[in-house]
$ cat start-v8.txt   # compact mmCIF, C-alpha atoms
# COMPACT_ATOMS: atom_id res chain seq x y z
CA MET A 1 84.90 105.12 89.67
CA ASP A 2 87.63 105.22 92.30
CA TRP A 3 88.29 108.23 94.55
CA ARG A 4 91.67 108.69 92.85
CA ASP A 5 89.90 109.49 89.57
CA TYR A 6 88.48 112.73 90.87
CA CYS A 7 90.45 113.71 93.97
CA ILE A 8 92.65 116.33 92.24
CA ASP A 9 89.61 118.01 90.71
CA GLU A 10 87.83 118.04 94.08
CA ILE A 11 90.81 119.58 95.86
CA ALA A 12 91.16 122.20 93.11
CA LYS A 13 87.41 122.90 93.06
CA HIS A 14 87.58 123.82 96.74
CA ARG A 15 90.61 126.06 96.09
CA CYS A 16 92.87 124.24 98.51
CA PHE A 17 96.08 124.55 96.52
CA VAL A 18 97.87 127.67 97.68
CA SER A 19 99.70 128.17 94.39
CA ALA A 20 100.07 126.75 90.92
CA LEU A 21 103.42 125.23 91.93
CA HIS A 22 101.79 123.56 94.93
CA LYS A 23 99.26 121.94 92.61
CA LYS A 24 101.93 120.95 90.07
CA ARG A 25 104.14 119.27 92.68
CA PHE A 26 101.13 117.49 94.18
CA ILE A 27 100.09 116.12 90.78
CA GLU A 28 103.65 114.93 90.08
CA MET A 29 103.77 112.98 93.35
CA PHE A 30 100.21 111.73 92.92
CA ASP A 31 101.09 110.37 89.47
CA MET A 32 104.19 108.74 90.92
CA VAL A 33 102.31 106.65 93.49
CA GLN A 34 98.62 106.50 92.63
CA ASP A 35 98.83 102.85 91.56
CA GLU A 36 101.09 101.68 94.40
CA PRO A 37 99.63 99.31 97.02
CA PHE A 38 100.53 101.70 99.86
CA PHE A 39 98.69 104.64 98.31
CA THR A 40 95.71 105.64 100.44
CA LYS A 41 93.74 108.78 101.13
CA GLU A 42 96.03 109.32 104.11
CA VAL A 43 99.13 109.20 101.93
CA CYS A 44 97.40 111.60 99.56
CA LYS A 45 96.90 114.00 102.48
CA CYS A 46 100.65 113.81 103.20
CA LEU A 47 101.43 114.53 99.56
CA PHE A 48 99.31 117.67 99.81
CA LEU A 49 101.37 118.82 102.80
CA ALA A 50 104.69 117.99 101.15
CA ALA A 51 103.81 119.69 97.86
CA TRP A 52 103.74 123.08 99.60
CA ASP A 53 107.50 123.48 99.41
CA ARG A 54 110.12 122.09 97.01
CA LYS A 55 112.37 120.96 99.89
CA TYR A 56 109.60 118.84 101.42
CA THR A 57 108.53 117.57 98.02
CA ASN A 58 112.07 116.34 97.33
CA GLU A 59 112.26 114.67 100.74
CA ILE A 60 108.98 112.82 100.43
CA GLU A 61 109.64 111.85 96.81
CA SER A 62 112.80 110.17 98.03
CA VAL A 63 110.84 108.28 100.68
CA LEU A 64 108.15 107.34 98.16
CA GLN A 65 110.79 106.00 95.79
CA GLU A 66 112.26 103.96 98.63
CA MET A 67 108.80 102.55 99.32
CA ILE A 68 108.33 101.70 95.65
CA ASP A 69 111.76 100.05 95.50
CA LYS A 70 110.98 97.98 98.61
CA ASN A 71 107.52 97.04 97.29
CA ALA A 72 105.98 98.53 100.43
CA ILE A 73 102.35 97.71 101.07
CA ASP A 74 101.86 99.94 104.12
CA THR A 75 102.90 103.40 105.32
CA GLU A 76 105.33 102.40 108.06
CA ILE A 77 108.28 104.10 106.31
CA LEU A 78 106.33 107.37 106.01
CA VAL A 79 105.19 107.24 109.65
CA ASN A 80 108.76 106.65 110.85
CA ARG A 81 109.99 109.55 108.71
CA ALA A 82 107.40 111.90 110.21
CA ARG A 83 108.13 110.65 113.72
CA ASN A 84 111.92 110.87 113.59
CA LYS A 85 112.52 114.02 111.56
CA ALA A 86 114.57 116.64 113.44
CA VAL A 87 113.00 119.98 112.57
CA SER A 88 112.07 123.40 113.93
CA PRO A 89 109.07 123.60 116.30
CA TYR A 90 106.81 124.90 113.53
CA GLU A 91 107.87 122.21 111.11
CA ALA A 92 107.35 119.66 113.88
CA GLU A 93 103.66 120.55 113.88
CA ILE A 94 103.44 119.84 110.15
CA TYR A 95 105.10 116.45 110.67
CA LYS A 96 102.76 115.79 113.58
CA LEU A 97 99.83 116.56 111.29
CA GLU A 98 101.29 114.15 108.73
CA ARG A 99 101.57 111.45 111.42
CA ASN A 100 98.00 112.08 112.52
CA PHE A 101 96.77 111.58 108.96
CA LEU A 102 98.66 108.29 108.65
CA GLU A 103 97.92 106.91 112.12
CA HIS A 104 94.22 107.80 112.19
CA PRO A 105 92.73 106.88 108.82
CA GLY A 106 89.45 108.52 107.93
CA GLU A 107 89.83 111.21 110.59
CA THR A 108 90.63 114.88 110.33
CA PRO A 109 92.67 116.29 113.22
CA ASP A 110 91.22 119.05 115.35
CA GLU A 111 91.87 122.57 114.07
CA SER A 112 93.65 123.43 117.32
CA CYS A 113 96.84 122.24 115.59
CA LEU A 114 96.74 125.49 113.59
CA MET A 115 97.44 127.51 116.74
CA LYS A 116 100.90 125.94 116.98
CA LEU A 117 101.94 126.91 113.45
CA SER A 118 103.80 130.05 112.45
CA ALA A 119 101.84 132.55 110.35
CA ALA A 120 103.55 131.31 107.17
CA TRP A 121 102.38 127.73 107.76
CA ILE A 122 98.76 128.43 108.80
CA PRO A 123 97.38 128.54 105.22
CA LEU A 124 98.93 125.14 104.51
CA GLY A 125 97.63 123.64 107.74
CA ASP A 126 94.16 125.03 107.19
CA CYS A 127 94.02 123.78 103.61
CA ALA A 128 95.38 120.37 104.66
CA LEU A 129 92.53 119.99 107.16
CA GLN A 130 90.06 120.90 104.42
CA VAL A 131 91.68 118.41 102.02
CA SER A 132 91.43 115.76 104.72
CA GLU A 133 87.69 116.32 104.99
CA ILE A 134 87.30 116.31 101.20
CA LEU A 135 89.22 113.06 100.78
CA ASP A 136 87.35 111.38 103.63
CA ARG A 137 84.07 112.13 101.86
CA LEU A 138 85.21 110.69 98.52
$ encode --input "start-v8.txt" --output "structure tokens"
Amino acid sequence: MDWRDYCIDEIAKHRCFVSALHKKRFIEMFDMVQDEPFFTKEVCKCLFLAAWDRKYTNEIESVLQEMIDKNAIDTEILVNRARNKAVSPYEAEIYKLERNFLEHPGETPDESCLMKLSAAWIPLGDCALQVSEILDRL
């Protein structure tokens, strides 16, 4: 059995989704790319982050579709998106977390990144770190 077969259940079992909509958006994106050659645990971690908010979900779905259309086999397009996105300082920390996931496979960033987030983003950041650990164990 592959990690993809039970990753959603593991994330849900540990109560990492912050809402039913968060889970629904994550599953939609997961289904979209789970069989693509670029899909890795690190991409899955990014999907978790993006599923938090409809705006971010729409943005990453667009990038994922571009990757599918270009037959991408790596995450370079996602890394560049996270690196070059002009955002608020709090959002910048989320994109930095996304970059860390993609650039350091199999590693979970230090929780000190949570200190740079606004109060509204801390639950997402905290859950994303937990999801990272869960996925790395699968």
$ residues_around --input "start-v8.txt" --residues "Trp121 in chain A" --least-positions-apart "3" --cutoff "10 Å" --atoms "all atoms listed in the file" --output "list in words"
Trp52, Tyr90, Glu91, Glu93, Ile94, Leu114, Lys116, Leu117, Ser118, Leu124, Gly125 and Asp126 of chain A
$ closest_residue --input "start-v8.txt" --among "A:Met32, A:Asn84, A:Leu97, A:Arg25" --to "Leu129 in chain A" --atoms "all atoms listed in the file"
A:Leu97
$ residues_near_point --input "start-v8.txt" --point "(97.1, 107.5, 109.6)" --cutoff "10 Å" --atoms "all atoms listed in the file" --output "PyMOL selection string"
chain A and resi 40-43+45-46+75-76+78-79+97-108
$ closest_residue --input "start-v8.txt" --among "A:Ile27, A:Ala120, A:Ile11, A:Val33" --to "Ile68 in chain A" --atoms "only C-alpha atoms"
A:Val33
$ closest_residue --input "start-v8.txt" --among "A:Arg15, A:Phe38, A:Asn80, A:Ala128" --to "Ala51 in chain A" --atoms "all atoms listed in the file"
A:Ala128
$ residues_around --input "start-v8.txt" --residues "Glu36 in chain A" --least-positions-apart "5" --cutoff "9 Å" --atoms "all atoms listed in the file" --output "PyMOL selection string"
chain A and resi 68+71-73
$ residues_around --input "start-v8.txt" --residues "Trp3 in chain A" --least-positions-apart "3" --cutoff "10 Å" --atoms "only C-alpha atoms" --output "list in words"
Tyr6, Cys7, Ile8, Glu10, Thr40, Lys41, Leu135, Asp136, Arg137 and Leu138 of chain A
$ build_atoms --input "start-v8.txt" --residues "range 96-107 of chain A" --atoms "all heavy atoms" --output "PDB file, in the frame of the given file"
ATOM      1  N   LYS A  96     103.746 116.383 112.676  1.00  0.00           N
ATOM      2  CA  LYS A  96     102.760 115.790 113.580  1.00  0.00           C
ATOM      3  C   LYS A  96     101.421 115.642 112.861  1.00  0.00           C
ATOM      4  O   LYS A  96     100.732 114.625 113.003  1.00  0.00           O
ATOM      5  CB  LYS A  96     102.596 116.675 114.831  1.00  0.00           C
ATOM      6  CG  LYS A  96     101.663 116.118 115.859  1.00  0.00           C
ATOM      7  CD  LYS A  96     101.616 117.027 117.081  1.00  0.00           C
ATOM      8  CE  LYS A  96     100.609 116.534 118.087  1.00  0.00           C
ATOM      9  NZ  LYS A  96     100.493 117.470 119.218  1.00  0.00           N
ATOM     10  N   LEU A  97     101.053 116.635 112.076  1.00  0.00           N
ATOM     11  CA  LEU A  97      99.830 116.560 111.290  1.00  0.00           C
ATOM     12  C   LEU A  97      99.911 115.398 110.298  1.00  0.00           C
ATOM     13  O   LEU A  97      98.964 114.627 110.132  1.00  0.00           O
ATOM     14  CB  LEU A  97      99.603 117.897 110.566  1.00  0.00           C
ATOM     15  CG  LEU A  97      98.313 118.108 109.807  1.00  0.00           C
ATOM     16  CD1 LEU A  97      97.094 117.899 110.698  1.00  0.00           C
ATOM     17  CD2 LEU A  97      98.286 119.503 109.206  1.00  0.00           C
ATOM     18  N   GLU A  98     101.068 115.260 109.660  1.00  0.00           N
ATOM     19  CA  GLU A  98     101.290 114.150 108.730  1.00  0.00           C
ATOM     20  C   GLU A  98     101.112 112.811 109.450  1.00  0.00           C
ATOM     21  O   GLU A  98     100.440 111.904 108.949  1.00  0.00           O
ATOM     22  CB  GLU A  98     102.693 114.264 108.131  1.00  0.00           C
ATOM     23  CG  GLU A  98     103.019 113.201 107.118  1.00  0.00           C
ATOM     24  CD  GLU A  98     104.405 113.368 106.531  1.00  0.00           C
ATOM     25  OE1 GLU A  98     104.809 114.510 106.212  1.00  0.00           O
ATOM     26  OE2 GLU A  98     105.097 112.343 106.387  1.00  0.00           O
ATOM     27  N   ARG A  99     101.716 112.679 110.630  1.00  0.00           N
ATOM     28  CA  ARG A  99     101.570 111.450 111.420  1.00  0.00           C
ATOM     29  C   ARG A  99     100.121 111.187 111.777  1.00  0.00           C
ATOM     30  O   ARG A  99      99.650 110.057 111.699  1.00  0.00           O
ATOM     31  CB  ARG A  99     102.404 111.530 112.700  1.00  0.00           C
ATOM     32  CG  ARG A  99     103.776 110.992 112.596  1.00  0.00           C
ATOM     33  CD  ARG A  99     104.463 110.797 113.937  1.00  0.00           C
ATOM     34  NE  ARG A  99     104.015 111.603 115.049  1.00  0.00           N
ATOM     35  CZ  ARG A  99     104.483 112.810 115.353  1.00  0.00           C
ATOM     36  NH1 ARG A  99     105.410 113.372 114.621  1.00  0.00           N
ATOM     37  NH2 ARG A  99     104.028 113.464 116.397  1.00  0.00           N
ATOM     38  N   ASN A 100      99.422 112.239 112.170  1.00  0.00           N
ATOM     39  CA  ASN A 100      98.000 112.080 112.520  1.00  0.00           C
ATOM     40  C   ASN A 100      97.194 111.561 111.340  1.00  0.00           C
ATOM     41  O   ASN A 100      96.323 110.705 111.509  1.00  0.00           O
ATOM     42  CB  ASN A 100      97.409 113.391 113.036  1.00  0.00           C
ATOM     43  CG  ASN A 100      97.796 113.686 114.456  1.00  0.00           C
ATOM     44  OD1 ASN A 100      98.092 112.789 115.230  1.00  0.00           O
ATOM     45  ND2 ASN A 100      97.828 114.961 114.808  1.00  0.00           N
ATOM     46  N   PHE A 101      97.463 112.075 110.154  1.00  0.00           N
ATOM     47  CA  PHE A 101      96.770 111.580 108.960  1.00  0.00           C
ATOM     48  C   PHE A 101      97.024 110.090 108.781  1.00  0.00           C
ATOM     49  O   PHE A 101      96.102 109.317 108.540  1.00  0.00           O
ATOM     50  CB  PHE A 101      97.235 112.317 107.704  1.00  0.00           C
ATOM     51  CG  PHE A 101      96.757 113.738 107.578  1.00  0.00           C
ATOM     52  CD1 PHE A 101      97.528 114.669 106.921  1.00  0.00           C
ATOM     53  CD2 PHE A 101      95.535 114.143 108.091  1.00  0.00           C
ATOM     54  CE1 PHE A 101      97.099 115.985 106.758  1.00  0.00           C
ATOM     55  CE2 PHE A 101      95.099 115.456 107.957  1.00  0.00           C
ATOM     56  CZ  PHE A 101      95.879 116.376 107.289  1.00  0.00           C
ATOM     57  N   LEU A 102      98.288 109.680 108.915  1.00  0.00           N
ATOM     58  CA  LEU A 102      98.660 108.290 108.650  1.00  0.00           C
ATOM     59  C   LEU A 102      98.207 107.333 109.750  1.00  0.00           C
ATOM     60  O   LEU A 102      97.829 106.197 109.475  1.00  0.00           O
ATOM     61  CB  LEU A 102     100.182 108.178 108.476  1.00  0.00           C
ATOM     62  CG  LEU A 102     100.754 108.878 107.244  1.00  0.00           C
ATOM     63  CD1 LEU A 102     102.270 108.950 107.336  1.00  0.00           C
ATOM     64  CD2 LEU A 102     100.316 108.182 105.970  1.00  0.00           C
ATOM     65  N   GLU A 103      98.237 107.796 110.994  1.00  0.00           N
ATOM     66  CA  GLU A 103      97.920 106.910 112.120  1.00  0.00           C
ATOM     67  C   GLU A 103      96.436 106.845 112.444  1.00  0.00           C
ATOM     68  O   GLU A 103      96.012 105.945 113.174  1.00  0.00           O
ATOM     69  CB  GLU A 103      98.711 107.350 113.352  1.00  0.00           C
ATOM     70  CG  GLU A 103     100.216 107.147 113.192  1.00  0.00           C
ATOM     71  CD  GLU A 103     101.036 107.716 114.335  1.00  0.00           C
ATOM     72  OE1 GLU A 103     100.504 108.542 115.118  1.00  0.00           O
ATOM     73  OE2 GLU A 103     102.212 107.331 114.449  1.00  0.00           O
ATOM     74  N   HIS A 104      95.650 107.778 111.902  1.00  0.00           N
ATOM     75  CA  HIS A 104      94.220 107.800 112.190  1.00  0.00           C
ATOM     76  C   HIS A 104      93.423 107.925 110.896  1.00  0.00           C
ATOM     77  O   HIS A 104      92.843 108.980 110.602  1.00  0.00           O
ATOM     78  CB  HIS A 104      93.885 108.965 113.137  1.00  0.00           C
ATOM     79  CG  HIS A 104      94.670 108.930 114.412  1.00  0.00           C
ATOM     80  ND1 HIS A 104      94.386 108.061 115.425  1.00  0.00           N
ATOM     81  CD2 HIS A 104      95.757 109.639 114.802  1.00  0.00           C
ATOM     82  CE1 HIS A 104      95.255 108.237 116.411  1.00  0.00           C
ATOM     83  NE2 HIS A 104      96.099 109.191 116.052  1.00  0.00           N
ATOM     84  N   PRO A 105      93.413 106.849 110.116  1.00  0.00           N
ATOM     85  CA  PRO A 105      92.730 106.880 108.820  1.00  0.00           C
ATOM     86  C   PRO A 105      91.259 107.294 108.941  1.00  0.00           C
ATOM     87  O   PRO A 105      90.569 106.925 109.892  1.00  0.00           O
ATOM     88  CB  PRO A 105      92.823 105.433 108.323  1.00  0.00           C
ATOM     89  CG  PRO A 105      93.922 104.822 109.099  1.00  0.00           C
ATOM     90  CD  PRO A 105      93.973 105.542 110.420  1.00  0.00           C
ATOM     91  N   GLY A 106      90.834 108.096 107.976  1.00  0.00           N
ATOM     92  CA  GLY A 106      89.450 108.520 107.930  1.00  0.00           C
ATOM     93  C   GLY A 106      89.084 109.620 108.913  1.00  0.00           C
ATOM     94  O   GLY A 106      87.922 109.989 109.019  1.00  0.00           O
ATOM     95  N   GLU A 107      90.084 110.150 109.613  1.00  0.00           N
ATOM     96  CA  GLU A 107      89.830 111.210 110.590  1.00  0.00           C
ATOM     97  C   GLU A 107      90.571 112.477 110.199  1.00  0.00           C
ATOM     98  O   GLU A 107      91.660 112.423 109.640  1.00  0.00           O
ATOM     99  CB  GLU A 107      90.302 110.783 111.980  1.00  0.00           C
ATOM    100  CG  GLU A 107      89.558 109.609 112.556  1.00  0.00           C
ATOM    101  CD  GLU A 107      90.073 109.224 113.936  1.00  0.00           C
ATOM    102  OE1 GLU A 107      90.647 110.089 114.645  1.00  0.00           O
ATOM    103  OE2 GLU A 107      89.911 108.054 114.296  1.00  0.00           O
TER     104      GLU A 107
END
